[in-house]
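*Asks:* My structure is stored as input28.tsv, with TSV, C-alpha atoms and all ligand atoms.
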chain	number	residue	atom	x	y	z
A	1	MET	CA	217.71	219.45	-32.38
A	2	GLU	CA	218.05	222.60	-34.51
A	3	LYS	CA	220.04	220.73	-37.14
A	4	THR	CA	217.32	218.09	-37.54
A	5	LEU	CA	214.56	220.66	-37.77
A	6	ASN	CA	216.48	222.80	-40.25
A	7	LYS	CA	216.55	219.87	-42.65
A	8	TYR	CA	212.75	220.07	-42.99
A	9	LEU	CA	212.15	223.74	-42.29
A	10	ASN	CA	210.18	225.87	-44.78
A	11	LYS	CA	209.87	223.29	-47.52
A	12	ILE	CA	207.50	220.52	-48.50
A	13	THR	CA	209.12	217.14	-47.97
A	14	GLN	CA	207.90	214.20	-50.01
A	15	GLY	CA	207.39	210.96	-48.10
A	16	ASP	CA	205.26	208.96	-45.70
A	17	CYS	CA	204.49	211.14	-42.70
A	18	LEU	CA	205.02	208.30	-40.24
A	19	ASP	CA	208.59	207.78	-41.45
A	20	LEU	CA	209.29	211.51	-41.50
A	21	LEU	CA	207.70	212.33	-38.16
A	22	ARG	CA	210.08	209.89	-36.48
A	23	ASN	CA	212.92	212.29	-37.33
A	24	ILE	CA	211.32	215.24	-35.54
A	25	PRO	CA	212.58	215.69	-31.96
A	26	ASP	CA	210.22	215.53	-28.96
A	27	ASN	CA	208.67	218.84	-27.86
A	28	SER	CA	210.07	220.84	-30.78
A	29	ILE	CA	207.02	222.11	-32.71
A	30	ASP	CA	204.69	224.96	-31.74
A	31	VAL	CA	201.58	223.76	-33.56
A	32	THR	CA	200.73	220.52	-35.32
A	33	PHE	CA	197.78	220.52	-37.70
A	34	ALA	CA	196.52	217.40	-39.52
A	35	ASP	CA	193.93	217.07	-42.26
A	36	PRO	CA	194.28	213.35	-43.00
A	37	PRO	CA	192.57	211.31	-45.71
A	38	PHE	CA	188.97	210.78	-44.51
A	39	ASN	CA	188.72	207.16	-45.66
A	40	LEU	CA	185.81	208.16	-47.88
A	41	LYS	CA	187.16	206.74	-51.15
A	42	LYS	CA	188.48	210.14	-52.30
A	43	LYS	CA	190.59	210.07	-55.43
A	44	TYR	CA	194.08	210.94	-54.23
A	45	ASN	CA	196.93	210.25	-56.63
A	46	SER	CA	199.06	208.04	-54.39
A	47	THR	CA	197.01	206.54	-51.57
A	48	SER	CA	194.06	204.31	-51.02
A	49	ASP	CA	191.34	206.23	-49.19
A	50	SER	CA	189.38	203.12	-48.40
A	51	LEU	CA	190.74	201.06	-45.51
A	52	GLU	CA	188.97	198.67	-43.16
A	53	LEU	CA	187.77	200.50	-40.02
A	54	LYS	CA	190.32	198.87	-37.70
A	55	GLU	CA	193.17	199.45	-40.10
A	56	TYR	CA	192.25	203.12	-40.63
A	57	LEU	CA	191.91	203.82	-36.92
A	58	GLY	CA	195.12	201.97	-36.08
A	59	TRP	CA	196.97	204.07	-38.64
A	60	CYS	CA	195.41	207.30	-37.33
A	61	GLU	CA	196.52	206.50	-33.80
A	62	LYS	CA	200.12	206.20	-34.97
A	63	TRP	CA	200.35	209.69	-36.47
A	64	LEU	CA	198.26	211.22	-33.66
A	65	LYS	CA	200.79	209.81	-31.21
A	66	GLU	CA	203.62	211.38	-33.18
A	67	MET	CA	201.84	214.74	-33.33
A	68	VAL	CA	201.49	214.82	-29.55
A	69	ARG	CA	205.10	213.73	-29.07
A	70	VAL	CA	206.63	216.46	-31.25
A	71	THR	CA	204.43	219.32	-29.96
A	72	LYS	CA	206.02	221.66	-27.39
A	73	PRO	CA	204.50	221.97	-23.87
A	74	THR	CA	203.28	225.44	-24.91
A	75	GLY	CA	201.92	224.06	-28.16
A	76	SER	CA	198.61	222.96	-29.65
A	77	ILE	CA	197.41	220.02	-31.69
A	78	PHE	CA	194.65	220.47	-34.30
A	79	VAL	CA	192.96	217.67	-36.25
A	80	HIS	CA	190.43	218.28	-39.00
A	81	ASN	CA	188.02	215.53	-40.09
A	82	ILE	CA	184.37	214.52	-40.31
A	83	PRO	CA	182.74	214.11	-36.88
A	84	LYS	CA	182.57	210.31	-37.18
A	85	TRP	CA	186.36	209.92	-37.13
A	86	LEU	CA	186.92	212.67	-34.60
A	87	THR	CA	184.87	210.74	-32.03
A	88	TYR	CA	187.48	207.96	-32.28
A	89	TYR	CA	190.42	210.39	-32.18
A	90	THR	CA	189.21	211.87	-28.89
A	91	ASN	CA	189.63	208.43	-27.26
A	92	PHE	CA	193.34	208.61	-27.88
A	93	LEU	CA	193.86	212.35	-27.48
A	94	ASN	CA	192.00	212.60	-24.16
A	95	LYS	CA	194.55	210.22	-22.66
A	96	ASN	CA	197.59	211.99	-24.08
A	97	ALA	CA	196.78	215.71	-24.29
A	98	TYR	CA	194.22	218.23	-22.98
A	99	PHE	CA	190.94	218.87	-24.74
A	100	LYS	CA	190.28	222.55	-25.46
A	101	HIS	CA	187.62	222.66	-28.16
A	102	TRP	CA	185.68	220.83	-30.81
A	103	ILE	CA	185.51	223.62	-33.40
A	104	SER	CA	182.53	223.23	-35.66
A	105	TRP	CA	183.38	224.53	-39.11
A	106	ASP	CA	180.07	225.16	-40.88
A	107	ALA	CA	180.54	223.68	-44.34
A	108	PRO	CA	178.37	221.21	-46.23
A	109	THR	CA	179.84	217.72	-46.46
A	110	LEU	CA	178.92	214.63	-48.45
A	111	PRO	CA	175.57	212.95	-47.69
A	112	MET	CA	176.22	209.60	-45.98
A	113	GLY	CA	173.04	207.63	-46.66
A	114	LYS	CA	169.86	207.88	-44.61
A	115	THR	CA	171.08	210.49	-42.16
A	116	LEU	CA	170.75	214.16	-41.39
A	117	GLN	CA	172.61	216.17	-44.00
A	118	PRO	CA	176.11	216.60	-42.54
A	119	SER	CA	176.81	220.31	-42.39
A	120	HIS	CA	179.97	220.72	-40.45
A	121	TYR	CA	183.50	219.46	-40.24
A	122	GLY	CA	185.12	219.28	-36.85
A	123	ILE	CA	188.51	220.60	-35.85
A	124	LEU	CA	189.73	219.07	-32.61
A	125	TYR	CA	191.84	221.51	-30.62
A	126	TYR	CA	194.06	220.01	-27.90
A	127	ALA	CA	196.79	221.52	-25.72
A	128	LYS	CA	199.93	219.55	-25.01
A	129	ASN	CA	199.91	221.09	-21.52
A	130	ILE	CA	196.84	223.04	-20.48
A	131	GLU	CA	198.66	225.41	-18.07
A	132	GLN	CA	201.34	226.42	-20.53
A	133	ASN	CA	199.25	226.53	-23.70
A	134	LYS	CA	199.73	229.55	-25.99
A	135	PHE	CA	196.43	231.05	-27.09
A	136	TYR	CA	195.27	234.40	-28.51
A	137	GLU	CA	191.70	235.59	-28.64
A	138	ILE	CA	190.67	236.35	-32.20
A	139	ARG	CA	187.95	238.44	-33.84
A	140	TYR	CA	186.07	238.26	-37.13
A	141	GLN	CA	184.19	241.05	-38.93
A	142	HIS	CA	180.58	241.83	-38.17
A	143	LYS	CA	178.35	240.27	-40.80
A	144	ARG	CA	176.94	242.99	-43.04
A	145	CYS	CA	174.64	243.36	-45.99
A	146	ARG	CA	176.85	243.47	-49.08
A	147	LYS	CA	174.78	246.22	-50.69
A	148	CYS	CA	173.89	248.60	-47.85
A	149	ASN	CA	176.60	247.63	-45.33
A	150	TYR	CA	174.05	247.37	-42.49
A	151	LEU	CA	174.68	244.75	-39.80
A	152	HIS	CA	172.81	241.49	-40.38
A	153	LYS	CA	172.17	240.90	-36.71
A	154	ASP	CA	169.83	242.98	-34.63
A	155	TYR	CA	171.63	243.57	-31.35
A	156	GLY	CA	168.49	244.82	-29.60
A	157	GLY	CA	169.53	248.45	-29.22
A	158	LYS	CA	172.98	247.58	-27.93
A	159	LYS	CA	174.95	248.34	-31.06
A	160	ALA	CA	176.80	251.24	-29.50
A	161	GLY	CA	178.69	248.82	-27.25
A	162	LEU	CA	179.83	246.57	-30.04
A	163	HIS	CA	183.46	246.11	-30.87
A	164	PRO	CA	184.21	248.25	-33.93
A	165	PHE	CA	185.83	245.42	-35.86
A	166	GLY	CA	183.70	242.43	-34.93
A	167	PRO	CA	182.93	239.77	-32.31
A	168	LEU	CA	185.31	237.39	-30.59
A	169	ILE	CA	185.29	234.07	-32.38
A	170	SER	CA	183.43	231.19	-30.76
A	171	ASP	CA	183.88	227.47	-31.39
A	172	VAL	CA	181.39	227.63	-34.30
A	173	TRP	CA	182.91	229.08	-37.46
A	174	THR	CA	180.36	230.14	-40.05
A	175	ASP	CA	182.23	232.82	-41.97
A	176	ILE	CA	184.76	230.71	-43.88
A	177	HIS	CA	183.53	228.82	-46.93
A	178	ARG	CA	184.92	225.88	-48.83
A	179	ILE	CA	186.72	226.78	-52.05
A	180	LYS	CA	184.03	226.83	-54.73
A	181	HIS	CA	185.57	228.51	-57.77
A	182	ASN	CA	187.91	226.46	-59.91
A	183	LYS	CA	190.23	229.42	-60.37
A	184	TYR	CA	191.13	229.20	-56.66
A	185	ARG	CA	191.42	225.40	-56.63
A	186	ASP	CA	194.43	223.19	-57.17
A	187	LYS	CA	194.16	219.73	-58.71
A	188	HIS	CA	193.38	218.17	-55.34
A	189	PRO	CA	190.08	216.67	-54.12
A	190	CYS	CA	189.98	218.39	-50.72
A	191	GLN	CA	192.07	221.51	-50.52
A	192	LEU	CA	191.26	223.65	-47.47
A	193	PRO	CA	190.72	227.44	-47.63
A	194	LEU	CA	193.86	229.40	-46.81
A	195	HIS	CA	192.10	231.69	-44.34
A	196	LEU	CA	190.91	228.70	-42.27
A	197	LEU	CA	194.53	227.83	-41.58
A	198	GLU	CA	195.47	231.48	-41.09
A	199	ARG	CA	192.86	231.74	-38.34
A	200	ILE	CA	194.24	228.67	-36.56
A	201	ILE	CA	197.79	229.96	-36.85
A	202	LEU	CA	196.94	233.48	-35.59
A	203	MET	CA	195.09	231.95	-32.62
A	204	SER	CA	197.86	229.62	-31.50
A	205	THR	CA	201.29	230.91	-32.57
A	206	ASP	CA	203.64	233.89	-32.63
A	207	GLN	CA	205.79	235.15	-35.45
A	208	ALA	CA	208.65	232.72	-36.24
A	209	ASP	CA	206.98	229.77	-34.46
A	210	ILE	CA	206.99	226.41	-36.25
A	211	VAL	CA	203.81	224.83	-37.65
A	212	LEU	CA	203.91	221.19	-38.79
A	213	ASP	CA	201.43	219.53	-41.17
A	214	PRO	CA	201.92	215.79	-41.82
A	215	PHE	CA	199.33	215.70	-44.67
A	216	SER	CA	200.19	218.83	-46.56
A	217	GLY	CA	198.19	218.22	-49.77
A	218	THR	CA	198.82	221.23	-51.97
A	219	GLY	CA	200.37	223.18	-49.13
A	220	THR	CA	197.58	225.22	-47.52
A	221	THR	CA	199.13	225.13	-44.04
A	222	ALA	CA	202.60	225.89	-45.36
A	223	LEU	CA	201.34	228.83	-47.38
A	224	ALA	CA	199.33	230.23	-44.47
A	225	ALA	CA	202.38	229.94	-42.21
A	226	LYS	CA	204.61	231.68	-44.74
A	227	ARG	CA	202.12	234.53	-45.30
A	228	LEU	CA	201.97	235.05	-41.52
A	229	GLY	CA	205.72	235.09	-40.90
A	230	ARG	CA	205.79	231.65	-39.27
A	231	ASN	CA	208.05	228.69	-40.11
A	232	PHE	CA	206.61	225.43	-41.36
A	233	ILE	CA	207.34	221.76	-41.80
A	234	ALA	CA	205.13	219.94	-44.30
A	235	PHE	CA	205.02	216.29	-45.36
A	236	GLU	CA	203.14	214.88	-48.34
A	237	LEU	CA	203.23	211.46	-49.95
A	238	ASP	CA	202.26	212.44	-53.46
A	239	LEU	CA	204.92	214.04	-55.66
A	240	ASP	CA	202.42	215.98	-57.82
A	241	TYR	CA	200.94	217.66	-54.75
A	242	VAL	CA	204.46	218.39	-53.44
A	243	GLU	CA	205.28	220.11	-56.73
A	244	ILE	CA	202.07	222.18	-56.76
A	245	ALA	CA	202.69	223.29	-53.17
A	246	THR	CA	206.35	224.09	-53.79
A	247	HIS	CA	205.44	226.17	-56.82
A	248	LYS	CA	202.77	228.08	-54.88
A	249	LEU	CA	205.25	228.81	-52.08
A	250	GLN	CA	207.80	230.11	-54.57
A	251	GLN	CA	205.20	232.42	-56.12
A	252	GLU	CA	203.92	233.75	-52.78
A	253	GLU	CA	205.78	236.93	-52.02
A	254	SER	CA	203.29	238.94	-50.00
A	255	SER	CA	202.99	238.96	-46.23
A	256	SER	CA	199.53	239.07	-44.76
A	257	ARG	CA	200.18	242.20	-42.73
A	258	ILE	CA	198.82	245.64	-42.09
A	259	GLY	CA	201.64	247.81	-40.82
A	260	ASN	CA	203.45	245.47	-38.45
A	261	ILE	CA	200.37	243.45	-37.56
A	262	TRP	CA	199.75	239.97	-38.93
A	263	VAL	CA	196.16	239.50	-40.05
A	264	SER	CA	194.26	237.08	-42.26
A	265	ILE	CA	193.02	238.63	-45.49
A	266	PHE	CA	190.85	236.97	-48.15
A	267	LEU	CA	189.66	238.70	-51.33
A	268	ASN	CA	190.89	242.00	-49.96
A	269	GLU	CA	188.79	241.72	-46.79
A	270	ILE	CA	190.24	241.20	-43.33
A	271	VAL	CA	188.90	237.88	-42.08
A	272	THR	CA	190.64	237.37	-38.72
A	273	ILE	CA	192.59	239.59	-36.33
A	274	ARG	CA	194.04	238.99	-32.90
A	275	ASN	CA	192.19	240.86	-30.19
A	276	LEU	CA	195.40	242.22	-28.71
A	277	ASP	CA	196.33	243.81	-32.05
A	278	TRP	CA	193.18	245.92	-32.29
A	279	ASP	CA	194.56	249.09	-30.68
A	280	GLU	CA	197.42	249.22	-33.14
A	281	LEU	CA	195.31	248.06	-36.09
A	282	SER	CA	192.60	250.64	-35.47
A	283	LYS	CA	195.08	253.35	-36.45
A	284	TYR	CA	194.85	252.02	-39.99
A	285	TYR	CA	191.06	252.17	-40.02
A	286	LEU	CA	189.07	255.16	-41.20
A	287	ILE	CA	186.75	254.82	-38.22
A	288	PRO	CA	186.99	256.08	-34.65
A	289	LYS	CA	187.56	253.46	-31.98
A	290	THR	CA	184.11	253.93	-30.51
A	291	ILE	CA	181.21	253.85	-32.88
A	292	GLU	CA	178.12	255.99	-32.51
A	293	ASN	CA	176.19	254.43	-35.30
A	294	ILE	CA	177.84	251.19	-36.24
A	295	ASP	CA	175.27	250.44	-38.95
A	296	HIS	CA	176.47	253.30	-41.09
A	297	THR	CA	180.13	252.90	-40.49
A	298	PRO	CA	181.96	251.18	-43.26
A	299	ILE	CA	184.52	248.96	-41.64
A	300	LEU	CA	187.49	249.71	-43.74
A	301	SER	CA	188.85	246.69	-45.44
A	302	LYS	CA	189.29	247.33	-49.12
A	303	ALA	CA	191.03	250.62	-48.51
A	304	CYS	CA	193.68	249.18	-46.23
A	305	SER	CA	196.83	248.16	-47.94
A	306	GLN	CA	198.33	244.75	-47.75
A	307	VAL	CA	202.09	245.00	-47.53
B	401	LIG	C1	192.79	215.66	-46.85
B	401	LIG	S1	194.20	215.82	-47.82
B	401	LIG	C2	195.02	217.26	-47.18
B	401	LIG	C3	194.67	218.50	-47.94
B	401	LIG	C4	195.39	219.72	-47.42
B	401	LIG	N1	194.93	220.10	-46.11
B	401	LIG	C5	195.23	220.90	-48.38
B	401	LIG	O1	194.59	221.89	-48.01
B	401	LIG	O2	195.71	220.80	-49.51
B	401	LIG	C6	195.23	214.51	-47.25
B	401	LIG	C7	196.57	214.41	-47.94
B	401	LIG	O3	197.37	213.43	-47.27
B	401	LIG	C8	198.22	212.79	-48.23
B	401	LIG	N2	198.66	211.53	-47.61
B	401	LIG	C9	197.97	210.37	-47.49
B	401	LIG	N3	198.69	209.45	-46.81
B	401	LIG	C10	199.86	210.07	-46.47
B	401	LIG	C11	200.99	209.66	-45.73
B	401	LIG	N4	201.09	208.43	-45.22
B	401	LIG	N5	202.00	210.55	-45.55
B	401	LIG	C12	201.92	211.81	-46.06
B	401	LIG	N6	200.87	212.25	-46.78
B	401	LIG	C13	199.84	211.38	-46.97
B	401	LIG	C14	197.32	212.64	-49.47
B	401	LIG	O4	198.10	212.50	-50.64
B	401	LIG	C15	196.52	213.97	-49.42
B	401	LIG	O5	197.13	214.95	-50.21
Could you rewrite the structure in this file as C-alpha cells?
*Replies:*
Amino acid sequence: MEKTLNKYLNKITQGDCLDLLRNIPDNSIDVTFADPPFNLKKKYNSTSDSLELKEYLGWCEKWLKEMVRVTKPTGSIFVHNIPKWLTYYTNFLNKNAYFKHWISWDAPTLPMGKTLQPSHYGILYYAKNIEQNKFYEIRYQHKRCRKCNYLHKDYGGKKAGLHPFGPLISDVWTDIHRIKHNKYRDKHPCQLPLHLLERIILMSTDQADIVLDPFSGTGTTALAAKRLGRNFIAFELDLDYVEIATHKLQQEESSSRIGNIWVSIFLNEIVTIRNLDWDELSKYYLIPKTIENIDHTPILSKACSQV
C-alpha cells in the first residue's frame, strides 16, 4: 500500500482522476476534497464543462464512489459545488457515508436566471465512519472595525466572557472571500482561496496526514496541505494547470506555523486556529488570556511571526 501511495505523494499528477483514483488503495487517505467542474460552461483548457444532466450526474457518482472507497475509517470527505449539484450528491453519499454538515460558504455566485441571487457555495462534509471520525474544533478571529479595532458585534454586555481569539466556527463561513485581485489569481477560471482549504485541513487532519484532491486545478489543496505540514495527492487533467501548481509548490517554502502550532494565515492575519492549540498559541500573543475590555485589545496578528 505504501509503495502505491508513494508514487503519487506530494506531487501533482496529470491525468483523468477516475483512472488515477483506481490505483489508490481502499481506506488509505485521511481526507478527500473535491471541487469538480460545475457543469456551468466554464472555460477550462481541457474539458467540456457542459454535459447533459444524466451524463454529468453519472460521472459525479463515479468519482464520489472512489472518494468514499479510498478514505480511511477515521477520515472525512468534502465536496464543494453549487447547491443544485450538492442536492444530487447527497443521494449517493447518504447511502455510503455519514452526513456531518452542509457548510455554507458565503460567496456570491453566478445569477442563474429568474431566481434569488445565489450567495453561497456548499461544502458537503461527510465522515467515512461517524464513530471514528477525526475532527478538531476551530476558531476564527472576532470581526473588528479596521480603523478603530472595536468589535463589530454587540454582545449585549457579555464581552468579558468572550474567547480572546474569536468564536468557534459554525457551519456558515462568512469570513473567507473569493480571490478578487488578479495578482493573487492564477490563469484558472475558479481557483479557490488558500485559507478555505487550510481551514478544512486544520479541522479534519493532523500533521503528516494525507489529503487527496482529484480536481486539483492550480493546486490550492496541495499548497494548503504543504503549508500545514500535511502530505497530499493531487490529480489534474490539464497540463497547464499541473505546471502552474507544480511551480507554486516549488516556490512555497514557508510553513504556516506560529512556534510549533499550525495555523492558517492570510495577508499576515491569522484566519483559523484549532481550539486545542489556543493555550500554547496565547503565549505568542501580546494579550492576557482573559480580557477585561476586549474592545480595546488589539488581537495580535501582524506582530506575530510566521516561521
Ligand atoms: C473547479 S476546478 C478546481 C479548482 C481548484 N479547486 C483550484 O483551487 O485551483 C476543476 C478542475 O478539474 C479539472 N478536471 C476536469 N475533469 C477532470 C478529470 N476527469 N480528472 C482530473 N481533473 C479534471 C479541470 O481541468 C479543472 O482544473
*Asks:* Which residues of chain A come within 9 Å of ligand LIG 401 (chain B), and what is each one's closest atom pair and distance in Å (one decimal), counting only C-alpha atoms and all ligand atoms, sorted by chain and residue number, as a Markdown table?
*Replies:*
| residue | atom | partner | partner_atom | distance |
| --- | --- | --- | --- | --- |
| A:Gln14 | CA | B:LIG401 | C12 | 7.6 |
| A:Gly15 | CA | B:LIG401 | C12 | 5.9 |
| A:Asp16 | CA | B:LIG401 | N5 | 3.6 |
| A:Cys17 | CA | B:LIG401 | N5 | 3.8 |
| A:Leu18 | CA | B:LIG401 | N4 | 6.3 |
| A:Asp19 | CA | B:LIG401 | N5 | 8.2 |
| A:Leu20 | CA | B:LIG401 | N5 | 8.4 |
| A:Phe33 | CA | B:LIG401 | N1 | 8.9 |
| A:Ala34 | CA | B:LIG401 | N1 | 7.3 |
| A:Asp35 | CA | B:LIG401 | C1 | 4.9 |
| A:Pro36 | CA | B:LIG401 | C6 | 4.5 |
| A:Pro37 | CA | B:LIG401 | C6 | 4.4 |
| A:Phe38 | CA | B:LIG401 | C1 | 6.6 |
| A:Lys42 | CA | B:LIG401 | C1 | 8.9 |
| A:Tyr44 | CA | B:LIG401 | O4 | 5.6 |
| A:Asn45 | CA | B:LIG401 | O4 | 6.5 |
| A:Ser46 | CA | B:LIG401 | O4 | 5.9 |
| A:Thr47 | CA | B:LIG401 | C9 | 5.7 |
| A:Ser48 | CA | B:LIG401 | C9 | 8.0 |
| A:Asp49 | CA | B:LIG401 | C9 | 8.0 |
| A:Trp59 | CA | B:LIG401 | N4 | 8.9 |
| A:Trp63 | CA | B:LIG401 | N4 | 8.9 |
| A:His80 | CA | B:LIG401 | C1 | 8.6 |
| A:Asn81 | CA | B:LIG401 | C1 | 8.3 |
| A:Asp186 | CA | B:LIG401 | O2 | 8.1 |
| A:His188 | CA | B:LIG401 | O2 | 6.8 |
| A:Pro189 | CA | B:LIG401 | S1 | 7.6 |
| A:Cys190 | CA | B:LIG401 | C3 | 5.5 |
| A:Gln191 | CA | B:LIG401 | O1 | 3.6 |
| A:Leu192 | CA | B:LIG401 | O1 | 3.8 |
| A:Pro193 | CA | B:LIG401 | O1 | 6.8 |
| A:Leu194 | CA | B:LIG401 | O1 | 7.6 |
| A:Leu197 | CA | B:LIG401 | O1 | 8.8 |
| A:Asp213 | CA | B:LIG401 | N1 | 8.2 |
| A:Pro214 | CA | B:LIG401 | C12 | 5.8 |
| A:Phe215 | CA | B:LIG401 | O3 | 4.0 |
| A:Ser216 | CA | B:LIG401 | C4 | 5.0 |
| A:Gly217 | CA | B:LIG401 | O5 | 3.5 |
| A:Thr218 | CA | B:LIG401 | O2 | 4.0 |
| A:Gly219 | CA | B:LIG401 | O2 | 5.2 |
| A:Thr220 | CA | B:LIG401 | O1 | 4.5 |
| A:Thr221 | CA | B:LIG401 | O1 | 6.8 |
| A:Ala234 | CA | B:LIG401 | C12 | 8.9 |
| A:Phe235 | CA | B:LIG401 | C12 | 5.5 |
| A:Glu236 | CA | B:LIG401 | N6 | 3.8 |
| A:Leu237 | CA | B:LIG401 | N6 | 4.0 |
| A:Asp238 | CA | B:LIG401 | O4 | 5.0 |
| A:Leu239 | CA | B:LIG401 | O4 | 8.6 |
| A:Tyr241 | CA | B:LIG401 | O5 | 6.5 |
| A:Val242 | CA | B:LIG401 | O5 | 8.7 |
| A:Ala245 | CA | B:LIG401 | O2 | 8.3 |
*Asks:* Return as AutoDock Vina command-line options the centre and edge lengths, in Å with one decimal, of the box along x, y and z that encloses every atom of stretch 232-248 of chain A in the file, padded by 4 Å per side.
*Replies:*
--center_x 204.1 --center_y 219.8 --center_z -49.6 --size_x 14.4 --size_y 24.6 --size_z 24.5
*Asks:* I'd like the interatomic distance between atom CA of A:Tyr126 and atom CA of A:Thr74, to a tenth of an Å.
*Replies:*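 So the answer is 11.1 Å.
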*Asks:* Could you state the separation of atom CA of A:Asn91 and atom CA of A:Lys72 in Å, given to one decimal place?
*Replies:*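 Atom-to-atom, atom CA of A:Asn91 and atom CA of A:Lys72 are spaced 21.1 Å apart.
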*Asks:* Between A:Asn182, A:Ser204, A:Thr87, A:Thr109, which has the minimum distance to A:Gln132 (counting only C-alpha atoms)?
*Replies:* A:Ser204
*Asks:* By how many Å are atom CA of A:Leu9 and atom CA of A:Glu269 apart?
*Replies:*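 About the pair atom CA of A:Leu9 and atom CA of A:Glu269: they are 29.8 Å apart.
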*Asks:* I'd like to know which of A:Arg69, A:Lys54, A:Lys187, A:Lys226 is closest to A:Asn27, using all atoms listed in the file.
*Replies:*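 Answer, going by the shortest atom-to-atom distance: A:Arg69.
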*Asks:* I need the residue nearest A:Glu55 from this list: A:Lys95, A:Asn39, A:Ser76, A:Leu162. Use only C-alpha atoms for the distance.
*Replies:*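 The closest residue to A:Glu55 is A:Asn39.
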*Asks:* Taking 3 positions as the minimum chain separation for residues in the same chain, which residues sit within 12 Å of A:Phe92 when counting all atoms listed in the file? Answer as a list in words.
*Replies:* Leu57, Gly58, Cys60, Glu61, Lys62, Trp63, Leu64, Lys65, Glu66, Met67, Val68, Trp85, Leu86, Thr87, Tyr88, Tyr89, Lys95, Asn96, Ala97, Tyr98, Phe99 and Tyr126 of chain A
*Asks:* Mind dumping a table of every stretch 195-265 of chain A residue within 9 Å of stretch 133-142 of chain A, with the nearest atom pair and its distance in Å to one decimal, using only C-alpha atoms, sorted by chain and rising number, as JSON lines?
*Replies:*
{"residue": "A:Arg199", "atom": "CA", "partner": "A:Ile138", "partner_atom": "CA", "distance": 8.0}
{"residue": "A:Leu202", "atom": "CA", "partner": "A:Tyr136", "partner_atom": "CA", "distance": 7.3}
{"residue": "A:Met203", "atom": "CA", "partner": "A:Tyr136", "partner_atom": "CA", "distance": 4.8}
{"residue": "A:Ser204", "atom": "CA", "partner": "A:Phe135", "partner_atom": "CA", "distance": 4.9}
{"residue": "A:Thr205", "atom": "CA", "partner": "A:Lys134", "partner_atom": "CA", "distance": 6.9}
{"residue": "A:Asp206", "atom": "CA", "partner": "A:Lys134", "partner_atom": "CA", "distance": 8.8}
*Asks:* Selected residues, C-alpha atoms, written as a JSON list (two decimals), keeping the file's coordinate frame, please.
*Replies:*
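Writing done, so here's out-v9.json:
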[["chain", "number", "residue", "atom", "x", "y", "z"],
["A", 199, "ARG", "CA", 192.86, 231.74, -38.34],
["A", 202, "LEU", "CA", 196.94, 233.48, -35.59],
["A", 203, "MET", "CA", 195.09, 231.95, -32.62],
["A", 204, "SER", "CA", 197.86, 229.62, -31.50],
["A", 205, "THR", "CA", 201.29, 230.91, -32.57],
["A", 206, "ASP", "CA", 203.64, 233.89, -32.63]]
*Asks:* With all atoms listed in the file as the atoms that count, which of A:Val271, A:Leu196, A:Ile103, A:Leu249 lies nearest to A:Ile12?
*Replies:* A:Leu249
*Asks:* From the list A:His120, A:Arg146, A:His247, A:His101, which residue is nearest A:Lys11 when using all atoms listed in the file?
*Replies:*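 Smallest separation from A:Lys11 among the options: A:His247.
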*Asks:* Give the answer as one residue: which of A:Phe78, A:Ser119, A:Leu93, A:Arg227 has the shortest atom-to-atom distance to A:Gln251, using all atoms listed in the file?
*Replies:*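 Using all atoms listed in the file, A:Gln251 sits closest to A:Arg227.
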*Asks:* Would you mind writing stretch 91-102 of chain A with N, CA and C atoms, as a short mmCIF file (atom, residue, chain, number, x, y, z; two decimals), in the frame of the given file?
*Replies:*
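out-v6.cif, written as the output of this step:
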data_model
loop_
_atom_site.label_atom_id
_atom_site.label_comp_id
_atom_site.auth_asym_id
_atom_site.auth_seq_id
_atom_site.Cartn_x
_atom_site.Cartn_y
_atom_site.Cartn_z
N ASN A 91 189.26 209.52 -28.17
CA ASN A 91 189.63 208.43 -27.26
C ASN A 91 191.12 208.44 -26.98
N PHE A 92 191.88 208.60 -28.04
CA PHE A 92 193.34 208.61 -27.88
C PHE A 92 193.80 209.94 -27.29
N LEU A 93 193.33 211.04 -27.87
CA LEU A 93 193.86 212.35 -27.48
C LEU A 93 193.53 212.69 -26.02
N ASN A 94 192.36 212.29 -25.56
CA ASN A 94 192.00 212.60 -24.16
C ASN A 94 192.97 211.98 -23.17
N LYS A 95 193.61 210.89 -23.57
CA LYS A 95 194.55 210.22 -22.66
C LYS A 95 195.95 210.84 -22.75
N ASN A 96 196.21 211.56 -23.83
CA ASN A 96 197.59 211.99 -24.08
C ASN A 96 197.79 213.51 -24.19
N ALA A 97 196.69 214.25 -24.20
CA ALA A 97 196.78 215.71 -24.29
C ALA A 97 195.53 216.28 -23.61
N TYR A 98 195.33 217.59 -23.71
CA TYR A 98 194.22 218.23 -22.98
C TYR A 98 193.22 218.82 -23.96
N PHE A 99 191.99 218.37 -23.85
CA PHE A 99 190.94 218.87 -24.74
C PHE A 99 190.69 220.35 -24.50
N LYS A 100 190.68 221.14 -25.58
CA LYS A 100 190.28 222.55 -25.46
C LYS A 100 188.94 222.79 -26.14
N HIS A 101 188.86 222.40 -27.42
CA HIS A 101 187.62 222.66 -28.16
C HIS A 101 187.37 221.62 -29.25
N TRP A 102 186.10 221.46 -29.56
CA TRP A 102 185.68 220.83 -30.81
C TRP A 102 185.16 222.01 -31.64
#
